[in-house]
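This is start.cif. It holds mmCIF, C-alpha atoms, pLDDT in the B column; chains and numbers go by the auth columns.
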data_target
loop_
_atom_site.group_PDB
_atom_site.id
_atom_site.type_symbol
_atom_site.label_atom_id
_atom_site.label_comp_id
_atom_site.label_asym_id
_atom_site.label_seq_id
_atom_site.Cartn_x
_atom_site.Cartn_y
_atom_site.Cartn_z
_atom_site.B_iso_or_equiv
_atom_site.auth_seq_id
_atom_site.auth_asym_id
ATOM 1 C CA MET A 1 105.821 151.699 -26.598 70.00 1 R
ATOM 2 C CA SER A 2 103.446 149.417 -28.428 84.00 2 R
ATOM 3 C CA LYS A 3 100.920 150.745 -30.904 91.00 3 R
ATOM 4 C CA THR A 4 97.249 149.835 -30.803 95.00 4 R
ATOM 5 C CA VAL A 5 95.813 148.358 -33.992 96.00 5 R
ATOM 6 C CA LEU A 6 92.121 147.817 -34.679 98.00 6 R
ATOM 7 C CA ILE A 7 91.404 145.252 -37.400 98.00 7 R
ATOM 8 C CA VAL A 8 87.946 145.660 -38.942 97.00 8 R
ATOM 9 C CA ASP A 9 86.826 142.914 -41.319 96.00 9 R
ATOM 10 C CA ASP A 10 83.719 140.760 -41.508 95.00 10 R
ATOM 11 C CA HIS A 11 85.791 137.704 -42.512 95.00 11 R
ATOM 12 C CA ALA A 12 87.288 135.904 -39.513 96.00 12 R
ATOM 13 C CA ASP A 13 89.994 134.282 -41.649 94.00 13 R
ATOM 14 C CA ILE A 14 91.256 137.676 -42.849 93.00 14 R
ATOM 15 C CA ARG A 15 91.267 139.061 -39.302 95.00 15 R
ATOM 16 C CA ARG A 16 93.188 135.972 -38.184 96.00 16 R
ATOM 17 C CA LEU A 17 95.747 136.344 -41.005 93.00 17 R
ATOM 18 C CA ILE A 18 96.347 140.006 -40.139 95.00 18 R
ATOM 19 C CA ARG A 19 96.565 139.194 -36.416 96.00 19 R
ATOM 20 C CA MET A 20 99.100 136.421 -37.091 94.00 20 R
ATOM 21 C CA THR A 21 101.099 138.818 -39.271 93.00 21 R
ATOM 22 C CA LEU A 22 101.215 141.538 -36.628 94.00 22 R
ATOM 23 C CA GLU A 23 101.558 139.565 -33.423 89.00 23 R
ATOM 24 C CA PHE A 24 105.327 139.305 -33.851 87.00 24 R
ATOM 25 C CA GLU A 25 105.570 143.085 -33.971 86.00 25 R
ATOM 26 C CA ASP A 26 105.000 145.421 -31.018 88.00 26 R
ATOM 27 C CA TYR A 27 101.249 145.933 -31.455 92.00 27 R
ATOM 28 C CA GLN A 28 98.223 145.605 -29.206 95.00 28 R
ATOM 29 C CA ILE A 29 95.673 144.044 -31.537 96.00 29 R
ATOM 30 C CA HIS A 30 91.893 144.366 -31.326 97.00 30 R
ATOM 31 C CA GLU A 31 89.202 143.221 -33.755 98.00 31 R
ATOM 32 C CA ALA A 32 85.784 144.348 -34.935 97.00 32 R
ATOM 33 C CA VAL A 33 83.443 142.630 -37.392 96.00 33 R
ATOM 34 C CA ASP A 34 81.474 145.601 -38.756 96.00 34 R
ATOM 35 C CA GLY A 35 81.312 149.363 -38.959 96.00 35 R
ATOM 36 C CA GLU A 36 79.173 149.876 -35.861 95.00 36 R
ATOM 37 C CA SER A 37 81.461 147.870 -33.585 96.00 37 R
ATOM 38 C CA ALA A 38 84.494 149.516 -35.186 97.00 38 R
ATOM 39 C CA LEU A 39 83.257 152.984 -34.199 97.00 39 R
ATOM 40 C CA GLN A 40 82.398 151.785 -30.682 97.00 40 R
ATOM 41 C CA LEU A 41 85.831 150.208 -30.193 97.00 41 R
ATOM 42 C CA ALA A 42 87.627 153.210 -31.688 97.00 42 R
ATOM 43 C CA ALA A 43 85.930 155.448 -29.117 97.00 43 R
ATOM 44 C CA VAL A 44 87.163 153.243 -26.259 96.00 44 R
ATOM 45 C CA LEU A 45 90.587 152.190 -27.540 96.00 45 R
ATOM 46 C CA ARG A 46 91.676 155.264 -29.513 96.00 46 R
ATOM 47 C CA PRO A 47 93.824 153.021 -31.752 96.00 47 R
ATOM 48 C CA ASP A 48 96.920 154.320 -33.500 95.00 48 R
ATOM 49 C CA VAL A 49 95.959 152.445 -36.666 96.00 49 R
ATOM 50 C CA VAL A 50 92.665 151.117 -38.028 97.00 50 R
ATOM 51 C CA LEU A 51 92.964 148.421 -40.702 97.00 51 R
ATOM 52 C CA LEU A 52 89.554 148.754 -42.289 97.00 52 R
ATOM 53 C CA ASP A 53 87.839 146.527 -44.842 96.00 53 R
ATOM 54 C CA VAL A 54 85.889 148.558 -47.392 96.00 54 R
ATOM 55 C CA MET A 55 83.083 146.105 -48.176 94.00 55 R
ATOM 56 C CA MET A 56 81.249 144.984 -45.040 91.00 56 R
ATOM 57 C CA PRO A 57 77.678 144.006 -44.311 86.00 57 R
ATOM 58 C CA GLY A 58 75.496 146.212 -42.164 87.00 58 R
ATOM 59 C CA SER A 59 74.547 149.844 -42.222 90.00 59 R
ATOM 60 C CA MET A 60 78.076 151.207 -42.801 94.00 60 R
ATOM 61 C CA ASP A 61 80.810 150.245 -45.207 96.00 61 R
ATOM 62 C CA GLY A 62 84.469 150.981 -44.604 97.00 62 R
ATOM 63 C CA LEU A 63 84.364 154.266 -46.511 97.00 63 R
ATOM 64 C CA GLU A 64 81.694 155.652 -44.201 97.00 64 R
ATOM 65 C CA VAL A 65 83.497 154.405 -41.093 97.00 65 R
ATOM 66 C CA CYS A 66 86.703 156.028 -42.356 98.00 66 R
ATOM 67 C CA ALA A 67 84.952 159.330 -43.058 98.00 67 R
ATOM 68 C CA ARG A 68 83.375 159.333 -39.596 97.00 68 R
ATOM 69 C CA LEU A 69 86.681 158.594 -37.861 97.00 69 R
ATOM 70 C CA LYS A 70 88.488 161.284 -39.845 97.00 70 R
ATOM 71 C CA ALA A 71 85.755 163.844 -39.103 97.00 71 R
ATOM 72 C CA GLU A 72 86.287 163.479 -35.328 95.00 72 R
ATOM 73 C CA PRO A 73 88.876 165.901 -33.912 95.00 73 R
ATOM 74 C CA ARG A 74 89.525 163.527 -30.977 94.00 74 R
ATOM 75 C CA TYR A 75 90.922 160.984 -33.451 94.00 75 R
ATOM 76 C CA ALA A 76 93.486 163.359 -34.929 92.00 76 R
ATOM 77 C CA GLY A 77 96.622 161.396 -35.705 92.00 77 R
ATOM 78 C CA MET A 78 94.795 158.080 -36.046 95.00 78 R
ATOM 79 C CA GLN A 79 95.885 156.364 -39.242 96.00 79 R
ATOM 80 C CA VAL A 80 93.270 154.564 -41.325 97.00 80 R
ATOM 81 C CA VAL A 81 94.389 151.962 -43.858 96.00 81 R
ATOM 82 C CA LEU A 82 91.623 150.748 -46.139 97.00 82 R
ATOM 83 C CA LEU A 83 91.795 147.115 -47.252 95.00 83 R
ATOM 84 C CA SER A 84 89.849 146.172 -50.348 94.00 84 R
ATOM 85 C CA ALA A 85 89.617 143.605 -53.106 92.00 85 R
ATOM 86 C CA ARG A 86 88.800 146.530 -55.403 92.00 86 R
ATOM 87 C CA GLY A 87 91.941 148.036 -56.862 90.00 87 R
ATOM 88 C CA GLN A 88 90.636 150.314 -59.596 94.00 88 R
ATOM 89 C CA ALA A 89 91.739 153.945 -59.590 94.00 89 R
ATOM 90 C CA ARG A 90 88.191 155.103 -58.774 95.00 90 R
ATOM 91 C CA ASP A 91 88.108 152.790 -55.718 95.00 91 R
ATOM 92 C CA ARG A 92 91.393 154.216 -54.431 94.00 92 R
ATOM 93 C CA GLU A 93 90.120 157.755 -55.072 95.00 93 R
ATOM 94 C CA ALA A 94 86.945 157.032 -53.097 96.00 94 R
ATOM 95 C CA GLY A 95 89.102 155.790 -50.228 96.00 95 R
ATOM 96 C CA LEU A 96 91.278 158.875 -50.265 94.00 96 R
ATOM 97 C CA ARG A 97 88.191 161.126 -50.450 96.00 97 R
ATOM 98 C CA ALA A 98 86.900 159.353 -47.326 97.00 98 R
ATOM 99 C CA GLY A 99 90.131 160.391 -45.626 97.00 99 R
ATOM 100 C CA ALA A 100 92.129 157.161 -45.703 97.00 100 R
ATOM 101 C CA ASP A 101 95.842 157.491 -45.053 94.00 101 R
ATOM 102 C CA ALA A 102 96.577 154.439 -47.202 93.00 102 R
ATOM 103 C CA TYR A 103 94.790 151.938 -49.433 95.00 103 R
ATOM 104 C CA MET A 104 95.924 148.332 -49.774 94.00 104 R
ATOM 105 C CA VAL A 105 94.491 145.915 -52.306 94.00 105 R
ATOM 106 C CA LYS A 106 93.702 142.349 -51.206 91.00 106 R
ATOM 107 C CA PRO A 107 95.319 139.940 -51.376 89.00 107 R
ATOM 108 C CA PHE A 108 98.439 141.547 -49.947 89.00 108 R
ATOM 109 C CA SER A 109 101.452 139.819 -48.501 89.00 109 R
ATOM 110 C CA PRO A 110 102.112 139.882 -44.752 88.00 110 R
ATOM 111 C CA LEU A 111 105.436 141.561 -45.481 90.00 111 R
ATOM 112 C CA GLN A 112 103.676 144.320 -47.450 91.00 112 R
ATOM 113 C CA LEU A 113 101.402 144.980 -44.482 92.00 113 R
ATOM 114 C CA ILE A 114 104.268 145.128 -41.974 91.00 114 R
ATOM 115 C CA GLU A 115 106.251 147.490 -44.231 90.00 115 R
ATOM 116 C CA HIS A 116 103.165 149.640 -44.782 87.00 116 R
ATOM 117 C CA LEU A 117 102.557 150.003 -41.054 89.00 117 R
ATOM 118 C CA ALA A 118 106.238 150.699 -40.388 87.00 118 R
ATOM 119 C CA ASN A 119 106.072 153.604 -42.847 85.00 119 R
ATOM 120 C CA LEU A 120 102.956 155.259 -41.402 81.00 120 R
ATOM 121 C CA PRO A 121 103.617 158.478 -39.498 76.00 121 R
ATOM 122 C CA LEU A 122 102.350 157.239 -36.135 65.00 122 R
ATOM 123 C CA SER A 123 102.369 159.722 -33.321 53.00 123 R
ATOM 124 C CA ALA A 124 104.499 158.742 -30.355 45.00 124 R
#

So that I can check it, write out the structure of this file as structure tokens.
Amino acid sequence: MSKTVLIVDDHADIRRLIRMTLEFEDYQIHEAVDGESALQLAAVLRPDVVLLDVMMPGSMDGLEVCARLKAEPRYAGMQVVLLSARGQARDREAGLRAGADAYMVKPFSPLQLIEHLANLPLSA
């Protein structure tokens, strides 16, 4: 059974790169450009995995979106992977405090992303 992945990034080229990386795997891929649309799509799609950029324009950054998703009991089991250009220990800690299941630093290789997703404990 295919897994549903929601890619959330304000940069179209990054969304395209992630989509191209994942389209050869068994994933249903959806995209959002900001925190508001990410929360709206998550409510409708109930994705298995959210690949979430930390720094986005608008009223919510990725940390807030992550915290909101993780605070919702109906999203139990949803995995959130934060994607960020910031790789300092304090940035990773902020991501984990927000509830992220994983934190990947950009730029990452397509192979890294595929391996990362393969190792997430996705519910069946």

Residues near R:Val81, anyone? I mean within 9 Å using only C-alpha atoms, not counting same-chain ones fewer than 5 positions away, as a short mmCIF file (atom, residue, chain, number, x, y, z; two decimals) with C-alpha atoms, in the frame of the given file.
data_model
loop_
_atom_site.label_atom_id
_atom_site.label_comp_id
_atom_site.auth_asym_id
_atom_site.auth_seq_id
_atom_site.Cartn_x
_atom_site.Cartn_y
_atom_site.Cartn_z
CA VAL R 49 95.96 152.44 -36.67
CA VAL R 50 92.66 151.12 -38.03
CA LEU R 51 92.96 148.42 -40.70
CA LEU R 52 89.55 148.75 -42.29
CA ASP R 53 87.84 146.53 -44.84
CA CYS R 66 86.70 156.03 -42.36
CA ALA R 100 92.13 157.16 -45.70
CA ASP R 101 95.84 157.49 -45.05
CA ALA R 102 96.58 154.44 -47.20
CA TYR R 103 94.79 151.94 -49.43
CA MET R 104 95.92 148.33 -49.77
CA LEU R 117 102.56 150.00 -41.05
#

So which residues fall inside 12 Å of (95.2, 138.1, -37.1) if we count only C-alpha atoms? Mind giving them as a short mmCIF file (atom, residue, chain, number, x, y, z; two decimals) with C-alpha atoms, in the frame of the given file?
data_model
loop_
_atom_site.label_atom_id
_atom_site.label_comp_id
_atom_site.auth_asym_id
_atom_site.auth_seq_id
_atom_site.Cartn_x
_atom_site.Cartn_y
_atom_site.Cartn_z
CA VAL R 5 95.81 148.36 -33.99
CA LEU R 6 92.12 147.82 -34.68
CA ILE R 7 91.40 145.25 -37.40
CA VAL R 8 87.95 145.66 -38.94
CA ASP R 9 86.83 142.91 -41.32
CA HIS R 11 85.79 137.70 -42.51
CA ALA R 12 87.29 135.90 -39.51
CA ASP R 13 89.99 134.28 -41.65
CA ILE R 14 91.26 137.68 -42.85
CA ARG R 15 91.27 139.06 -39.30
CA ARG R 16 93.19 135.97 -38.18
CA LEU R 17 95.75 136.34 -41.00
CA ILE R 18 96.35 140.01 -40.14
CA ARG R 19 96.56 139.19 -36.42
CA MET R 20 99.10 136.42 -37.09
CA THR R 21 101.10 138.82 -39.27
CA LEU R 22 101.22 141.54 -36.63
CA GLU R 23 101.56 139.56 -33.42
CA PHE R 24 105.33 139.30 -33.85
CA GLU R 25 105.57 143.08 -33.97
CA TYR R 27 101.25 145.93 -31.46
CA GLN R 28 98.22 145.60 -29.21
CA ILE R 29 95.67 144.04 -31.54
CA HIS R 30 91.89 144.37 -31.33
CA GLU R 31 89.20 143.22 -33.76
CA ALA R 32 85.78 144.35 -34.94
CA LEU R 51 92.96 148.42 -40.70
CA PRO R 110 102.11 139.88 -44.75
CA LEU R 113 101.40 144.98 -44.48
#

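The residue that comes closest to R:Leu96, out of R:Leu63, R:Pro121, R:Leu83, R:Glu115 and on the basis of only C-alpha atoms, is R:Leu63.
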
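Going from atom CA of R:Ile114 over to atom CA of R:Glu72, you cover 26.5 Å.
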
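Between atom CA of R:Gly87 and atom CA of R:Glu64 the interatomic distance comes to 18.0 Å.
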
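Atom CA of R:Ser59 to atom CA of R:Arg90 spans 22.1 Å [interatomic distance, one decimal].
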
ask   = Using only C-alpha atoms, which residue out of R:Glu36, R:Asp48, R:Asp61, R:Asp26 lies closest to R:Met78?
value = R:Asp48
